[in-house]
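This is work-v2.cif (mmCIF, C-alpha atoms).
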data_model
loop_
_atom_site.label_atom_id
_atom_site.label_comp_id
_atom_site.auth_asym_id
_atom_site.auth_seq_id
_atom_site.Cartn_x
_atom_site.Cartn_y
_atom_site.Cartn_z
CA ILE T 1 77.64 175.82 87.30
CA LEU T 2 74.82 177.17 85.13
CA VAL T 3 76.29 177.36 81.62
CA GLY T 4 79.44 175.28 82.02
CA GLY T 5 82.98 175.46 80.80
CA ILE T 6 84.78 174.38 77.67
CA GLY T 7 83.75 171.02 76.28
CA PHE T 8 81.00 169.03 74.69
CA GLY T 9 79.26 167.79 77.84
CA PHE T 10 80.21 164.14 77.95
CA ALA T 11 82.65 162.44 80.28
CA TYR T 12 84.27 159.02 80.50
CA ASP T 13 85.45 157.46 83.70
CA ARG T 14 88.34 155.00 83.96
CA GLY T 15 85.98 152.09 83.43
CA GLY T 16 84.85 153.55 80.12
CA SER T 17 81.36 154.48 81.31
CA ARG T 18 79.88 157.46 79.55
CA GLY T 19 77.76 160.13 81.16
CA PHE T 20 77.11 163.83 81.24
CA SER T 21 79.71 166.13 82.72
CA VAL T 22 79.32 169.67 83.98
CA ASP T 23 80.94 171.03 80.81
CA ASN T 24 77.56 172.36 79.70
CA GLY T 25 76.32 173.32 83.16
CA LEU T 26 72.87 172.77 84.61
CA LEU T 27 71.12 174.84 81.96
CA GLY T 28 73.12 172.97 79.35
CA LEU T 29 71.76 169.67 80.61
CA VAL T 30 68.26 171.08 80.28
CA ALA T 31 69.14 172.28 76.75
CA ILE T 32 70.35 168.77 75.84
CA VAL T 33 67.11 167.20 77.08
CA LEU T 34 65.13 169.82 75.17
CA ALA T 35 67.22 169.12 72.05
CA ILE T 36 66.18 165.46 72.27
CA ILE T 37 62.53 166.53 72.55
CA SER T 38 63.06 168.94 69.63
CA TRP T 39 64.66 166.17 67.59
CA VAL T 40 61.45 164.15 67.90
CA THR T 41 59.13 167.10 67.23
CA ILE T 42 61.09 168.20 64.17
CA LEU T 43 61.15 164.67 62.76
CA VAL T 44 57.43 164.19 63.36
CA ALA T 45 55.98 167.65 62.69
CA GLY T 46 58.82 169.47 60.92
CA GLN T 47 58.65 172.28 63.49
CA HIS T 48 60.77 173.39 66.44
CA ILE T 49 58.68 174.25 69.50
CA SER T 50 59.01 178.01 70.01
CA GLY T 51 59.52 177.93 73.80
CA ILE T 52 62.26 175.31 73.50
CA ARG T 53 63.97 177.33 70.79
CA GLN T 54 63.82 180.49 72.93
CA PHE T 55 65.31 178.71 75.95
CA THR T 56 68.08 177.15 73.87
CA ASN T 57 68.93 180.51 72.28
CA PHE T 58 69.05 182.08 75.77
CA TYR T 59 71.33 179.32 77.03
CA LEU T 60 73.69 179.57 74.05
CA ARG T 61 73.95 183.39 74.32
CA TRP T 62 74.75 183.13 78.03
CA ARG T 63 77.22 180.30 77.41
CA LEU T 64 79.02 182.35 74.75
CA ARG T 65 79.46 185.24 77.19
CA ALA T 66 80.81 182.96 79.92
CA LEU T 67 83.18 181.16 77.54
CA ALA T 68 84.54 184.42 76.11
CA TYR T 69 85.46 185.47 79.65
CA LEU T 70 86.83 182.04 80.58
CA MET T 71 88.92 181.90 77.41
CA LEU T 72 90.52 185.31 78.27
CA LEU T 73 88.91 186.86 75.18
CA GLU T 74 87.00 189.46 77.19
CA ASP T 75 88.09 191.18 80.41
CA LYS T 76 84.65 192.34 81.55
CA TYR T 77 82.95 189.81 83.85
CA PRO T 78 79.90 188.37 82.06
CA PRO T 79 76.46 189.25 83.38
CA PHE T 80 74.04 186.67 84.69
CA GLY T 81 71.37 186.00 82.13
CA ASP T 82 70.84 187.89 78.92
CA GLU T 83 72.28 191.34 79.61
CA PRO T 84 74.34 193.22 76.98
CA TYR T 85 77.95 192.05 76.60
CA PRO T 86 80.70 192.58 73.99
CA THR T 87 80.28 189.05 72.61
CA SER T 88 77.01 188.07 71.00
CA ILE T 89 75.32 185.52 68.82
CA THR T 90 72.31 185.93 66.57
CA ILE T 91 70.48 182.88 65.33
CA ASP T 92 67.71 183.51 62.85
CA ASP T 93 64.57 181.44 63.11
CA PRO T 94 64.34 178.99 60.23
CA ILE T 95 61.73 179.82 57.63
CA GLY T 96 59.18 177.09 56.92
CA GLU T 97 59.63 173.44 57.73
CA ARG T 98 62.90 172.16 59.11
CA ARG T 99 65.07 169.79 57.08
CA ARG T 100 64.14 166.48 58.70
CA VAL T 101 66.89 164.42 57.09
CA SER T 102 69.62 166.71 58.41
CA VAL T 103 68.04 166.57 61.87
CA LEU T 104 67.83 162.78 61.68
CA VAL T 105 71.58 162.34 61.07
CA ARG T 106 72.82 165.45 62.87
CA ILE T 107 74.89 163.66 65.52
CA PHE T 108 76.65 161.53 62.89
CA LEU T 109 77.43 164.59 60.79
CA ALA T 110 79.02 166.17 63.88
CA ILE T 111 81.58 163.38 64.39
CA PRO T 112 84.21 164.91 62.06
CA HIS T 113 83.75 168.22 63.89
CA PHE T 114 84.25 166.51 67.27
CA ILE T 115 87.56 165.10 66.04
CA VAL T 116 88.97 168.20 64.37
CA LEU T 117 87.60 170.68 66.91
CA GLY T 118 88.94 168.49 69.71
CA ILE T 119 92.43 168.90 68.24
CA VAL T 120 91.84 172.64 67.73
CA MET T 121 90.77 173.00 71.38
CA ILE T 122 93.93 171.21 72.55
CA GLY T 123 95.87 173.78 70.53
CA TRP T 124 93.75 176.52 72.07
CA CYS T 125 94.64 175.27 75.59
CA ILE T 126 98.35 175.43 74.79
CA THR T 127 98.18 178.85 73.13
CA THR T 128 96.07 180.25 75.96
CA ILE T 129 98.67 179.25 78.54
CA VAL T 130 101.28 181.05 76.43
CA ALA T 131 98.94 184.04 76.01
CA TRP T 132 98.27 184.18 79.75
CA PHE T 133 101.97 184.55 80.46
CA MET T 134 102.32 187.14 77.69
CA ILE T 135 99.39 189.10 79.15
CA LEU T 136 100.92 188.81 82.61
CA PHE T 137 104.30 190.19 81.50
CA THR T 138 103.38 192.57 78.66
CA GLY T 139 99.80 193.50 79.51
CA GLU T 140 98.64 192.61 75.99
CA TYR T 141 97.08 189.56 74.38
CA PRO T 142 99.12 188.68 71.25
CA SER T 143 96.83 189.36 68.29
CA GLY T 144 97.48 186.05 66.49
CA LEU T 145 96.74 184.02 69.61
CA TYR T 146 93.67 186.14 70.30
CA GLU T 147 92.31 185.55 66.79
CA PHE T 148 92.94 181.81 67.17
CA GLY T 149 90.99 181.83 70.46
CA VAL T 150 88.11 183.77 68.90
CA GLY T 151 88.02 181.38 65.94
CA SER T 152 88.03 178.36 68.25
CA LEU T 153 85.13 179.80 70.21
CA ARG T 154 83.20 180.57 67.01
CA TRP T 155 83.63 177.00 65.80
CA LEU T 156 82.60 175.56 69.17
CA ILE T 157 79.45 177.71 69.36
CA ARG T 158 78.48 176.95 65.74
CA LEU T 159 78.78 173.22 66.43
CA GLN T 160 76.74 173.52 69.63
CA ALA T 161 74.06 175.54 67.81
CA SER T 162 73.86 172.77 65.24
CA LEU T 163 73.69 170.00 67.84
CA LEU T 164 71.02 171.89 69.80
CA LEU T 165 69.01 172.03 66.53
CA LEU T 166 69.01 175.82 66.29
CA ILE T 167 70.39 175.80 62.76
CA ASP T 168 70.01 173.47 59.79
CA ASP T 169 73.13 174.44 57.84
CA TYR T 170 76.15 172.20 58.29
CA PRO T 171 78.74 174.24 60.22
CA PRO T 172 81.92 174.97 58.28
CA PHE T 173 85.31 173.55 59.28
CA SER T 174 86.65 177.02 59.88
CA LEU T 175 87.91 179.42 62.51
CA GLU T 176 86.20 182.26 60.60
#
Now that the file is in, can you turn its structure into structure tokens?
Amino acid sequence: ILVGGIGFGFAYDRGGSRGFSVDNGLLGLVAIVLAIISWVTILVAGQHISGIRQFTNFYLRWRLRALAYLMLLEDKYPPFGDEPYPTSITIDDPIGERRRVSVLVRIFLAIPHFIVLGIVMIGWCITTIVAWFMILFTGEYPSGLYEFGVGSLRWLIRLQASLLLLIDDYPPFSLE
């Protein structure tokens, strides 16, 4: 409910209407609104408002913990909030002014990632079902499937960090 499940946060109904889904949770919806505000402030002033950046970092760290558990990558139940957990993310604050041009076209630059990562996440769903049965019968997560799940999660979080304007670098098309 708070940090959502797996997805990008948009939904389409049968009529083709587009709207927000609960994929990003309630805090994710706040982070999206704050990203829109940040988009304007970065374009106008070249700076990301510190409080918005802190909230978005908090949200993304919590989301990573919840997704790692949901994706069967971690057995320990994730804590509420920002407590220590085996999965983590560190996002350095950008030095100096932000790159306004990259912020301006960020959503368009993400389109290839949406397409390829969408296919990767379909593969992840299939491999996770297989891994769940393997865990059920053998008690172990097959290492190749585990690494694929970890790589999928890394890619998803990197893309979300980019879309939430936490980083300026274009995320790589990689599971690494």
Run the PyMOL selection byres ((chain T and resi 104) around 12) mentally over the shown coordinates, then write out the matched residues as a PyMOL selection string, using the chain letters and numbers from the document. chain T and resi 36+38-44+46+98-103+105-110+163+165+168
Let's have the selection written as an mmCIF file, in the coordinates of the input, with C-alpha atoms.
data_model
loop_
_atom_site.group_PDB
_atom_site.id
_atom_site.type_symbol
_atom_site.label_atom_id
_atom_site.label_comp_id
_atom_site.auth_asym_id
_atom_site.auth_seq_id
_atom_site.Cartn_x
_atom_site.Cartn_y
_atom_site.Cartn_z
ATOM 1 C CA ILE T 36 66.180 165.460 72.270
ATOM 2 C CA SER T 38 63.060 168.940 69.630
ATOM 3 C CA TRP T 39 64.660 166.170 67.590
ATOM 4 C CA VAL T 40 61.450 164.150 67.900
ATOM 5 C CA THR T 41 59.130 167.100 67.230
ATOM 6 C CA ILE T 42 61.090 168.200 64.170
ATOM 7 C CA LEU T 43 61.150 164.670 62.760
ATOM 8 C CA VAL T 44 57.430 164.190 63.360
ATOM 9 C CA GLY T 46 58.820 169.470 60.920
ATOM 10 C CA ARG T 98 62.900 172.160 59.110
ATOM 11 C CA ARG T 99 65.070 169.790 57.080
ATOM 12 C CA ARG T 100 64.140 166.480 58.700
ATOM 13 C CA VAL T 101 66.890 164.420 57.090
ATOM 14 C CA SER T 102 69.620 166.710 58.410
ATOM 15 C CA VAL T 103 68.040 166.570 61.870
ATOM 16 C CA VAL T 105 71.580 162.340 61.070
ATOM 17 C CA ARG T 106 72.820 165.450 62.870
ATOM 18 C CA ILE T 107 74.890 163.660 65.520
ATOM 19 C CA PHE T 108 76.650 161.530 62.890
ATOM 20 C CA LEU T 109 77.430 164.590 60.790
ATOM 21 C CA ALA T 110 79.020 166.170 63.880
ATOM 22 C CA LEU T 163 73.690 170.000 67.840
ATOM 23 C CA LEU T 165 69.010 172.030 66.530
ATOM 24 C CA ASP T 168 70.010 173.470 59.790
#
For a quick check of understanding, using all atoms listed in the file, which of T:Ile119, T:Ile111, T:Leu156, T:Ile95 has the smallest distance to Leu67 in chain T?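 The answer is T:Leu156, which sits nearest to Leu67 in chain T.
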Long-range neighbours of Val130 in chain T as a list in words, 9 Å cut-off, only C-alpha atoms, 5 positions minimum in chain: Cys125, Ile135 and Leu145 of chain T
How many Å separate CA of Tyr59 in chain T from CA of Met121 in chain T?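 Separating CA of Tyr59 in chain T from CA of Met121 in chain T is a distance of 21.2 Å.
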Which residues would end up in the selection if the PyMOL selection byres ((chain T and resi 146) around 12) were applied here, given that I need the answer as a ChimeraX atom specification? /T:68,71-74,124,127-132,134-135,140-145,147-153,175
Take the residues from that selection and put them in a file with C-alpha atoms, as a PDB file, in the frame of the given file.
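Below you can see selection.pdb, which holds the result:
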ATOM      1  CA  ALA T  68      84.540 184.420  76.110  1.00  0.00           C
ATOM      2  CA  MET T  71      88.920 181.900  77.410  1.00  0.00           C
ATOM      3  CA  LEU T  72      90.520 185.310  78.270  1.00  0.00           C
ATOM      4  CA  LEU T  73      88.910 186.860  75.180  1.00  0.00           C
ATOM      5  CA  GLU T  74      87.000 189.460  77.190  1.00  0.00           C
ATOM      6  CA  TRP T 124      93.750 176.520  72.070  1.00  0.00           C
ATOM      7  CA  THR T 127      98.180 178.850  73.130  1.00  0.00           C
ATOM      8  CA  THR T 128      96.070 180.250  75.960  1.00  0.00           C
ATOM      9  CA  ILE T 129      98.670 179.250  78.540  1.00  0.00           C
ATOM     10  CA  VAL T 130     101.280 181.050  76.430  1.00  0.00           C
ATOM     11  CA  ALA T 131      98.940 184.040  76.010  1.00  0.00           C
ATOM     12  CA  TRP T 132      98.270 184.180  79.750  1.00  0.00           C
ATOM     13  CA  MET T 134     102.320 187.140  77.690  1.00  0.00           C
ATOM     14  CA  ILE T 135      99.390 189.100  79.150  1.00  0.00           C
ATOM     15  CA  GLU T 140      98.640 192.610  75.990  1.00  0.00           C
ATOM     16  CA  TYR T 141      97.080 189.560  74.380  1.00  0.00           C
ATOM     17  CA  PRO T 142      99.120 188.680  71.250  1.00  0.00           C
ATOM     18  CA  SER T 143      96.830 189.360  68.290  1.00  0.00           C
ATOM     19  CA  GLY T 144      97.480 186.050  66.490  1.00  0.00           C
ATOM     20  CA  LEU T 145      96.740 184.020  69.610  1.00  0.00           C
ATOM     21  CA  GLU T 147      92.310 185.550  66.790  1.00  0.00           C
ATOM     22  CA  PHE T 148      92.940 181.810  67.170  1.00  0.00           C
ATOM     23  CA  GLY T 149      90.990 181.830  70.460  1.00  0.00           C
ATOM     24  CA  VAL T 150      88.110 183.770  68.900  1.00  0.00           C
ATOM     25  CA  GLY T 151      88.020 181.380  65.940  1.00  0.00           C
ATOM     26  CA  SER T 152      88.030 178.360  68.250  1.00  0.00           C
ATOM     27  CA  LEU T 153      85.130 179.800  70.210  1.00  0.00           C
ATOM     28  CA  LEU T 175      87.910 179.420  62.510  1.00  0.00           C
TER      29      LEU T 175
END
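Note that the spacing between CA of Ala31 in chain T and CA of Leu159 in chain T amounts to 14.2 Å.
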Point-to-point distance from CA of Ser88 in chain T to CA of Trp62 in chain T, Å rounded to tenths: 8.9 Å
Nearest candidate to Gly4 in chain T (options T:Asn24, T:Thr56, T:Thr138, T:Ser174; using only C-alpha atoms):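 That would be T:Asn24, the residue with the smallest distance to Gly4 in chain T.
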Need the shell around Arg61 in chain T: protein/DNA/RNA residues with any atom at most 8 Å away, counting all atoms listed in the file. Skip same-chain ones fewer than 2 positions apart. Format as a list in words?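 After dropping sequence-adjacent residues, the list is Asn57, Phe58, Tyr59, Arg63, Leu64, Arg65, Asp82, Ser88 and Ile89 of chain T.
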Have a look at T:Val3, T:Val120, T:Pro86, T:Glu97 and name the one nearest to Ile32 in chain T; count only C-alpha atoms.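 Closest to Ile32 in chain T of all the choices is T:Val3.
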Quick one: of T:Pro84, T:Gly96, T:Arg154, T:Val30, who's nearest to Ala45 in chain T, counting all atoms listed in the file?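 Nearest candidate to Ala45 in chain T out of T:Pro84, T:Gly96, T:Arg154, T:Val30: T:Gly96.
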Of the candidates T:Leu26, T:Pro78, T:Leu60, T:Leu164, which shows the shortest atom-to-atom distance to Thr90 in chain T, using only C-alpha atoms?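 Under the stated criterion, the closest residue is T:Leu60.
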